[in-house]
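Visitor: My structure is in structure-v2.cif, and what it holds is mmCIF, C-alpha atoms:
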```cif
data_my_file
#
loop_
_atom_site.label_atom_id
_atom_site.label_comp_id
_atom_site.auth_asym_id
_atom_site.auth_seq_id
_atom_site.Cartn_x
_atom_site.Cartn_y
_atom_site.Cartn_z
CA MET A 462 3.54 -19.90 25.13
CA THR A 463 5.54 -16.89 26.35
CA LYS A 464 4.15 -13.37 26.35
CA ASP A 465 6.82 -12.27 23.87
CA ARG A 466 5.86 -15.03 21.45
CA THR A 467 2.18 -14.10 21.76
CA ILE A 468 3.05 -10.50 20.87
CA GLY A 469 4.96 -11.81 17.85
CA PHE A 470 1.92 -13.67 16.51
CA VAL A 471 -0.31 -10.63 17.14
CA TYR A 472 2.17 -8.45 15.21
CA ALA A 473 2.21 -10.94 12.32
CA ILE A 474 -1.60 -11.06 12.18
CA CYS A 475 -1.80 -7.25 12.23
CA THR A 476 0.75 -7.17 9.41
CA GLY A 477 -1.33 -9.46 7.21
CA ILE A 478 -4.54 -7.55 7.92
CA LEU A 479 -3.02 -4.14 7.16
CA TRP A 480 -1.23 -5.35 4.00
CA GLY A 481 -4.46 -6.96 2.85
CA ALA A 482 -6.47 -3.81 3.66
CA SER A 483 -4.21 -1.68 1.46
CA SER A 484 -4.58 -3.94 -1.60
CA PRO A 485 -8.13 -2.80 -2.51
CA VAL A 486 -6.94 0.82 -2.20
CA ALA A 487 -4.10 0.15 -4.64
CA GLN A 488 -6.52 -1.70 -6.92
CA TYR A 489 -8.75 1.39 -6.89
CA LEU A 490 -5.84 3.62 -7.93
CA PHE A 491 -4.79 1.27 -10.73
CA GLU A 492 -8.28 0.65 -12.15
CA THR A 493 -10.05 3.97 -11.52
CA LYS A 494 -7.33 6.61 -11.42
CA GLY A 495 -4.92 5.15 -13.97
CA ILE A 496 -1.96 5.20 -11.58
CA GLU A 497 0.99 3.02 -12.64
CA SER A 498 2.65 0.60 -10.22
CA SER A 499 6.06 1.94 -11.31
CA TRP A 500 4.92 5.36 -10.06
CA LEU A 501 3.30 4.12 -6.84
CA ALA A 502 6.03 1.74 -5.61
CA PRO A 503 9.05 4.11 -5.42
CA TYR A 504 7.06 7.02 -3.98
CA ARG A 505 5.43 4.66 -1.48
CA LEU A 506 8.84 3.54 -0.24
CA LEU A 507 10.37 7.02 -0.17
CA VAL A 508 7.51 8.70 1.71
CA SER A 509 7.12 5.77 4.11
CA GLY A 510 10.86 5.73 4.76
CA ALA A 511 10.90 9.48 5.44
CA LEU A 512 8.00 9.18 7.91
CA LEU A 513 9.65 6.31 9.75
CA PHE A 514 12.97 8.17 9.80
CA ALA A 515 11.26 11.20 11.36
CA CYS A 516 9.51 8.94 13.89
CA ALA A 517 12.80 7.28 14.87
CA ALA A 518 14.50 10.66 15.22
CA ALA A 519 11.61 12.02 17.32
CA ARG A 520 12.05 9.04 19.66
CA ARG A 521 15.71 10.05 19.96
CA GLN A 522 17.02 6.89 18.37
CA ASP A 523 20.57 6.99 17.08
CA VAL A 524 19.50 6.65 13.45
CA PHE A 525 23.06 6.66 12.12
CA SER A 526 24.42 3.95 14.43
CA VAL A 527 23.71 1.21 11.87
CA TRP A 528 26.26 2.76 9.50
CA ARG A 529 29.16 2.70 11.96
CA GLU A 530 29.99 -0.98 11.49
CA LYS A 531 30.87 -1.94 7.92
CA ARG A 532 29.28 -5.37 8.12
CA ASP A 533 25.95 -3.97 9.35
CA ALA A 534 26.02 -1.19 6.75
CA VAL A 535 26.53 -3.69 3.92
CA ARG A 536 23.73 -5.90 5.22
CA LEU A 537 21.41 -2.88 5.42
CA VAL A 538 22.10 -1.91 1.81
CA VAL A 539 21.57 -5.49 0.63
CA PHE A 540 18.35 -5.70 2.64
CA GLY A 541 17.10 -2.39 1.22
CA ILE A 542 17.70 -3.46 -2.38
CA ALA A 543 17.26 -7.25 -2.46
CA GLY A 544 14.65 -7.44 0.29
CA MET A 545 12.64 -4.22 0.52
CA MET A 546 12.84 -2.99 -3.08
CA GLY A 547 13.05 -6.48 -4.54
CA MET A 548 9.85 -7.65 -2.89
CA GLN A 549 7.93 -4.48 -3.77
CA TYR A 550 8.93 -4.28 -7.41
CA SER A 551 8.85 -8.00 -8.24
CA PHE A 552 5.35 -8.31 -6.77
CA PHE A 553 3.97 -5.44 -8.86
CA ALA A 554 5.69 -6.84 -11.95
CA ALA A 555 4.15 -10.25 -11.24
CA VAL A 556 0.70 -8.65 -10.88
CA GLN A 557 1.13 -7.00 -14.30
CA ALA A 558 2.27 -10.25 -15.90
CA MET A 559 -0.48 -12.35 -14.29
CA ASP A 560 -3.05 -11.00 -11.86
CA ALA A 561 -3.15 -10.02 -8.19
CA GLY A 562 -4.58 -13.31 -6.93
CA THR A 563 -2.09 -15.54 -8.72
CA ALA A 564 0.82 -13.26 -7.81
CA THR A 565 -0.20 -13.46 -4.15
CA PHE A 566 -0.31 -17.25 -4.40
CA PHE A 567 3.28 -17.28 -5.68
CA GLN A 568 4.40 -14.78 -3.01
CA TYR A 569 3.17 -16.99 -0.20
CA LEU A 570 5.31 -19.87 -1.40
CA ASN A 571 8.06 -18.13 0.59
CA PRO A 572 7.42 -20.08 3.83
CA VAL A 573 8.00 -23.29 1.86
CA MET A 574 11.32 -21.89 0.64
CA LEU A 575 12.25 -20.78 4.16
CA ILE A 576 11.46 -24.13 5.72
CA ALA A 577 13.54 -25.86 3.02
CA TYR A 578 16.38 -23.38 3.61
CA TYR A 579 16.47 -23.95 7.36
CA ALA A 580 16.16 -27.71 6.91
CA VAL A 581 19.27 -27.75 4.70
CA ARG A 582 21.13 -25.27 6.89
CA ARG A 583 20.49 -27.24 10.08
CA LYS A 584 20.48 -30.67 8.44
CA LYS A 585 17.20 -31.36 10.20
CA MET A 586 13.75 -32.21 8.90
CA PRO A 587 10.99 -29.59 9.51
CA GLU A 588 8.54 -30.20 12.33
CA LYS A 589 5.29 -31.96 11.51
CA LYS A 590 3.18 -28.94 12.49
CA GLU A 591 5.23 -26.71 10.16
CA LEU A 592 4.58 -29.01 7.20
CA ILE A 593 0.86 -29.09 8.04
CA ALA A 594 0.76 -25.28 8.34
CA VAL A 595 2.51 -24.87 4.99
CA PHE A 596 0.04 -27.24 3.34
CA CYS A 597 -2.94 -25.36 4.83
CA ALA A 598 -1.56 -21.91 3.91
CA VAL A 599 -0.63 -22.80 0.32
CA SER A 600 -3.87 -24.76 -0.25
CA GLY A 601 -6.01 -21.95 1.14
CA ILE A 602 -4.26 -19.27 -0.89
CA PHE A 603 -4.53 -21.44 -3.99
CA LEU A 604 -8.30 -21.80 -3.55
CA ILE A 605 -8.72 -18.05 -3.01
CA ALA A 606 -6.48 -17.15 -5.96
CA VAL A 607 -7.91 -19.51 -8.57
CA GLN A 608 -11.41 -20.18 -7.20
CA GLY A 609 -10.66 -23.89 -6.92
CA THR A 610 -10.03 -24.32 -10.65
CA ALA A 611 -6.46 -25.29 -11.46
CA ASP A 612 -6.95 -24.30 -15.12
CA SER A 613 -7.10 -20.62 -14.17
CA LEU A 614 -3.55 -20.76 -12.82
CA GLY A 615 -2.12 -21.19 -16.30
CA VAL A 616 0.46 -18.39 -16.68
CA SER A 617 3.30 -17.58 -19.02
CA ALA A 618 6.92 -18.50 -18.40
CA LYS A 619 7.59 -14.82 -17.64
CA GLY A 620 4.76 -14.72 -15.11
CA THR A 621 5.98 -17.90 -13.43
CA ALA A 622 9.54 -16.56 -13.22
CA LEU A 623 8.34 -13.26 -11.72
CA GLY A 624 6.10 -15.09 -9.27
CA LEU A 625 8.96 -17.26 -8.04
CA LEU A 626 11.18 -14.17 -7.85
CA THR A 627 8.54 -12.52 -5.65
CA ALA A 628 8.59 -15.50 -3.29
CA LEU A 629 12.40 -15.45 -3.23
CA THR A 630 12.70 -11.71 -2.52
CA THR A 631 10.08 -12.08 0.22
CA CYS A 632 12.44 -14.64 1.78
CA PHE A 633 15.26 -12.09 1.53
CA TYR A 634 13.03 -9.57 3.27
CA ALA A 635 12.35 -12.05 6.08
CA VAL A 636 15.89 -13.33 6.64
CA LEU A 637 18.30 -10.46 5.90
CA PRO A 638 17.26 -7.96 8.62
CA ILE A 639 17.19 -10.38 11.58
CA PRO A 640 20.82 -9.74 12.71
CA LEU A 641 20.20 -5.98 12.40
CA LEU A 642 16.98 -6.12 14.40
CA LYS A 643 18.83 -7.74 17.30
CA LYS A 644 21.13 -4.70 17.52
CA TYR A 645 19.12 -1.70 16.29
CA PRO A 646 15.52 -0.41 16.64
CA SER A 647 13.14 -1.78 14.00
CA GLU A 648 12.01 1.75 13.00
CA THR A 649 15.57 2.73 12.13
CA VAL A 650 16.26 -0.45 10.15
CA CYS A 651 12.96 -0.24 8.27
CA ALA A 652 13.33 3.50 7.54
CA TRP A 653 16.79 3.15 6.01
CA ALA A 654 15.77 0.07 4.02
CA MET A 655 12.76 1.89 2.57
CA LEU A 656 14.82 4.94 1.66
CA ILE A 657 17.54 2.82 0.06
CA GLY A 658 15.02 0.71 -1.83
CA GLY A 659 12.94 3.72 -2.85
CA MET A 660 15.91 5.72 -4.13
CA THR A 661 17.24 2.72 -6.07
CA LEU A 662 13.87 1.98 -7.65
CA ALA A 663 13.26 5.67 -8.42
CA ALA A 664 16.66 5.93 -10.14
CA VAL A 665 15.78 2.95 -12.34
CA ARG A 666 12.10 3.65 -13.09
CA ARG A 667 12.16 7.51 -12.95
CA PRO A 668 8.54 7.95 -11.78
CA TRP A 669 8.72 11.76 -12.11
CA ARG A 670 8.66 11.28 -15.89
CA MET A 671 5.36 9.37 -15.75
CA GLU A 672 2.01 11.06 -16.20
CA ALA A 673 -0.20 10.77 -13.12
CA ALA A 674 -3.44 12.66 -12.56
CA VAL A 675 -3.01 13.43 -8.86
CA ASP A 676 -6.15 14.81 -7.21
CA GLN A 677 -7.47 14.88 -3.65
CA THR A 678 -8.76 11.30 -3.85
CA VAL A 679 -5.40 10.02 -5.09
CA VAL A 680 -3.59 11.83 -2.28
CA ILE A 681 -5.90 10.35 0.38
CA ALA A 682 -5.57 6.86 -1.11
CA PHE A 683 -1.79 7.23 -1.37
CA LEU A 684 -1.47 8.32 2.28
CA THR A 685 -3.69 5.39 3.30
CA ILE A 686 -1.34 3.01 1.50
CA VAL A 687 1.71 4.71 3.00
CA ILE A 688 0.55 4.83 6.63
CA LEU A 689 -1.85 1.89 7.05
CA GLY A 690 -0.44 -0.29 4.28
CA THR A 691 3.29 0.34 4.65
CA VAL A 692 4.64 2.10 7.75
CA LEU A 693 2.60 0.27 10.39
CA PRO A 694 2.63 -3.25 8.89
CA PHE A 695 6.34 -3.21 8.05
CA CYS A 696 7.12 -2.23 11.65
CA PHE A 697 4.80 -4.97 12.90
CA TYR A 698 6.46 -7.43 10.51
CA LEU A 699 9.96 -6.68 11.72
CA GLY A 700 8.73 -6.86 15.32
CA ALA A 701 7.27 -10.31 14.61
CA LEU A 702 10.50 -11.50 12.98
CA ILE A 703 12.57 -11.07 16.12
CA ARG A 704 9.93 -12.78 18.29
CA ILE A 705 8.71 -15.78 16.28
CA GLY A 706 11.18 -16.02 13.40
CA ALA A 707 10.90 -15.79 9.62
CA VAL A 708 9.00 -19.04 9.00
CA TYR A 709 6.20 -18.47 11.51
CA THR A 710 5.91 -14.80 10.57
CA GLY A 711 5.60 -15.67 6.88
CA LEU A 712 2.93 -18.29 7.50
CA THR A 713 0.90 -16.14 9.90
CA THR A 714 0.87 -13.11 7.58
CA SER A 715 -0.78 -15.31 4.94
CA ILE A 716 -4.01 -13.85 6.34
CA GLU A 717 -3.28 -10.98 3.89
CA PRO A 718 -5.17 -12.42 0.85
CA VAL A 719 -8.13 -13.26 3.10
CA THR A 720 -8.35 -9.64 4.26
CA ALA A 721 -7.89 -8.31 0.73
CA THR A 722 -10.62 -10.55 -0.70
CA VAL A 723 -13.15 -9.70 2.02
CA LEU A 724 -12.56 -5.94 1.82
CA ALA A 725 -12.64 -5.98 -1.98
CA ALA A 726 -16.01 -7.73 -1.78
CA VAL A 727 -17.37 -5.20 0.73
CA PHE A 728 -16.06 -1.95 -0.79
CA LEU A 729 -15.42 -2.73 -4.47
CA GLY A 730 -18.24 -5.19 -5.07
CA THR A 731 -15.93 -8.12 -5.85
CA ALA A 732 -17.84 -11.37 -5.33
CA PHE A 733 -16.43 -14.41 -3.53
CA GLU A 734 -17.74 -17.95 -3.57
CA ALA A 735 -18.08 -20.81 -1.09
CA VAL A 736 -14.63 -22.05 -2.13
CA ASP A 737 -13.21 -18.78 -0.79
CA VAL A 738 -14.62 -19.56 2.65
CA VAL A 739 -12.81 -22.90 2.61
CA GLY A 740 -9.64 -21.06 1.65
CA PHE A 741 -10.14 -18.55 4.48
CA VAL A 742 -10.50 -21.35 7.04
CA LEU A 743 -7.36 -23.10 5.80
CA VAL A 744 -5.28 -19.91 5.93
CA LEU A 745 -6.57 -18.84 9.35
CA SER A 746 -5.89 -22.32 10.74
CA THR A 747 -2.13 -21.84 10.32
CA GLY A 748 -2.00 -19.46 13.27
CA PHE A 749 -3.61 -22.03 15.57
CA ILE A 750 -1.37 -24.82 14.28
CA LEU A 751 1.85 -22.85 14.79
CA ASN A 752 0.67 -21.62 18.17
CA THR A 753 1.03 -25.07 19.70
CA GLY A 754 4.11 -26.71 21.14
CA LYS A 755 7.56 -25.25 21.58
CA GLU A 756 8.70 -22.10 19.82
CA ARG A 757 11.05 -22.15 16.90
CA GLU A 758 14.36 -20.28 16.77
CA ASP A 759 15.37 -18.92 13.34
#
```
Take the structure in the file and write it out as structure tokens.
Guide:
Amino acid sequence: MTKDRTIGFVYAICTGILWGASSPVAQYLFETKGIESSWLAPYRLLVSGALLFACAAARRQDVFSVWREKRDAVRLVVFGIAGMMGMQYSFFAAVQAMDAGTATFFQYLNPVMLIAYYAVRRKKMPEKKELIAVFCAVSGIFLIAVQGTADSLGVSAKGTALGLLTALTTCFYAVLPIPLLKKYPSETVCAWAMLIGGMTLAAVRRPWRMEAAVDQTVVIAFLTIVILGTVLPFCFYLGALIRIGAVYTGLTTSIEPVTATVLAAVFLGTAFEAVDVVGFVLVLSTGFILNTGKERED
């Protein structure tokens, strides 16, 4: 395994851990502080995008270079709306229609979709290890989400549609920026996508009209979500994409629900059972499975 590929897997693991670590913080805001997801999502994207933009400018990156070629500019706008905003908003909507665990299960169906997409595109069957990794990831997430009882996955047609939309927009997020990342710095691409997605979502949802009791605790939690749960992991994610591809990145970041469940148990008192441990092992095994053999090119 090359050093660059190793870095890609490390980035993907860090992404899953940081995304998972921010989930209990968001849960705290929703349950304790009465914050609405339609308020949190657009402000999260806008503030995160502004911070990344400032970081890219401070590093003397040519932050406007991506707009000079029409094709790249169009792809960036599509990525910002269909990928960045689409994934954020559809996931929160799915959580409201179902619950966080089931919504996460649906979201991590995206590697299955990606493997099917590349199989059709290349007219080639997926590798055996990829199919095994998908089975382990989906099975582990299923056990964590529904506690091993299939009956608890019963959701409405609306919830199912939103869950599948979340998986689809996560695929958009994984595939759309790859050509851009090969030409421009990941901070610049991610910053513009967040700003585009945040402004679009804010124009639709108008969060400034929503009542939100913002105090010191809310500000600290919000900044935690922005910095540790958004800016850093999204940069890591994009860095992983260009090193190990969309499929392997998606499967490796499935460590997210494991992290979220463990931290929720430690800090919020959420209990987890023996079946969760089995789920953890299955999810974590995907990294070892994908880490063998030749690397994949997406």
Visitor: Skipping near chain neighbours, those fewer than 4 positions away, what residues fall within 10 Å of Phe552 in chain A using all atoms listed in the file, listed as a PDB file with C-alpha atoms, in the coordinates of the input?
Guide:
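Just written: selection_37.pdb:
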```
ATOM      1  CA  SER A 498       2.650   0.600 -10.220  1.00  0.00           C
ATOM      2  CA  MET A 546      12.840  -2.990  -3.080  1.00  0.00           C
ATOM      3  CA  GLY A 547      13.050  -6.480  -4.540  1.00  0.00           C
ATOM      4  CA  MET A 548       9.850  -7.650  -2.890  1.00  0.00           C
ATOM      5  CA  VAL A 556       0.700  -8.650 -10.880  1.00  0.00           C
ATOM      6  CA  GLN A 557       1.130  -7.000 -14.300  1.00  0.00           C
ATOM      7  CA  ALA A 558       2.270 -10.250 -15.900  1.00  0.00           C
ATOM      8  CA  ALA A 561      -3.150 -10.020  -8.190  1.00  0.00           C
ATOM      9  CA  ALA A 564       0.820 -13.260  -7.810  1.00  0.00           C
ATOM     10  CA  THR A 565      -0.200 -13.460  -4.150  1.00  0.00           C
ATOM     11  CA  PHE A 567       3.280 -17.280  -5.680  1.00  0.00           C
ATOM     12  CA  GLN A 568       4.400 -14.780  -3.010  1.00  0.00           C
ATOM     13  CA  LEU A 623       8.340 -13.260 -11.720  1.00  0.00           C
ATOM     14  CA  GLY A 624       6.100 -15.090  -9.270  1.00  0.00           C
ATOM     15  CA  LEU A 625       8.960 -17.260  -8.040  1.00  0.00           C
ATOM     16  CA  LEU A 626      11.180 -14.170  -7.850  1.00  0.00           C
ATOM     17  CA  THR A 627       8.540 -12.520  -5.650  1.00  0.00           C
ATOM     18  CA  ALA A 628       8.590 -15.500  -3.290  1.00  0.00           C
ATOM     19  CA  THR A 630      12.700 -11.710  -2.520  1.00  0.00           C
ATOM     20  CA  THR A 631      10.080 -12.080   0.220  1.00  0.00           C
TER      21      THR A 631
END
```
Visitor: Could you expand the PyMOL selection byres ((chain A and resi 512-523) around 7) into the explicit residues it covers here, written as an MDAnalysis selection string?
Guide: chainID A and resid 508:511 524:526 648:649 652 692
Visitor: When the PyMOL selection byres ((chain A and resi 528) around 12) is applied to the file above, which residues end up in the set, as number ranges by chain?
Guide: A: 523-527, 529-538, 641, 645, 649-650, 653
Visitor: Evaluate the PyMOL selection byres ((chain A and resi 713) around 12) and record the selected residues as number ranges by chain, following the chain and residue labels used in the document.
Guide: A: 469-478, 569, 571-572, 591, 594-595, 597-599, 698, 701-702, 705-712, 714-719, 743-752
Visitor: Tell me which of A:Ile703, A:Ala554, A:Val680, A:Ala502 sits closest to Lys643 in chain A, counting all atoms listed in the file.
Guide: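 Closest residue, counting all atoms listed in the file: A:Ile703.
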Visitor: Rounded to one decimal, what separation in Å do you get between CA of Thr678 in chain A and CA of Val486 in chain A?
Guide: 10.8 Å
Visitor: From the options A:Leu490, A:Ile657, A:Val742, A:Leu592, which residue's atoms come nearest to Leu575 in chain A, counting all atoms listed in the file?
Guide: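 Of all the options, A:Leu592 lies closest to Leu575 in chain A.
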Visitor: Given the choices A:Pro640, A:Pro587, A:Gly740, A:Gly690, which gets closest to Pro485 in chain A if the distance is worked out from only C-alpha atoms?
Guide: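 Closest to Pro485 in chain A, using only C-alpha atoms: A:Gly690.
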Visitor: Have a look at CA of Arg667 in chain A and CA of Glu497 in chain A and let me know their distance in Å, one decimal.
Guide: 12.0 Å
Visitor: Nearest residue to Ala618 in chain A out of A:Ile496, A:Leu684, A:Met655, A:Ala555, using all atoms listed in the file?
Guide: A:Ala555
Visitor: Just give me the gap between CA of Glu672 in chain A and CA of Gln549 in chain A in Å, one decimal is fine.
Guide: 20.8 Å
Visitor: Which residue out of A:Ile576, A:Val581, A:Met545, A:Ala674 has the minimum interatomic distance to Phe633 in chain A when all atoms listed in the file are used?
Guide: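 Nearest candidate to Phe633 in chain A out of A:Ile576, A:Val581, A:Met545, A:Ala674: A:Met545.
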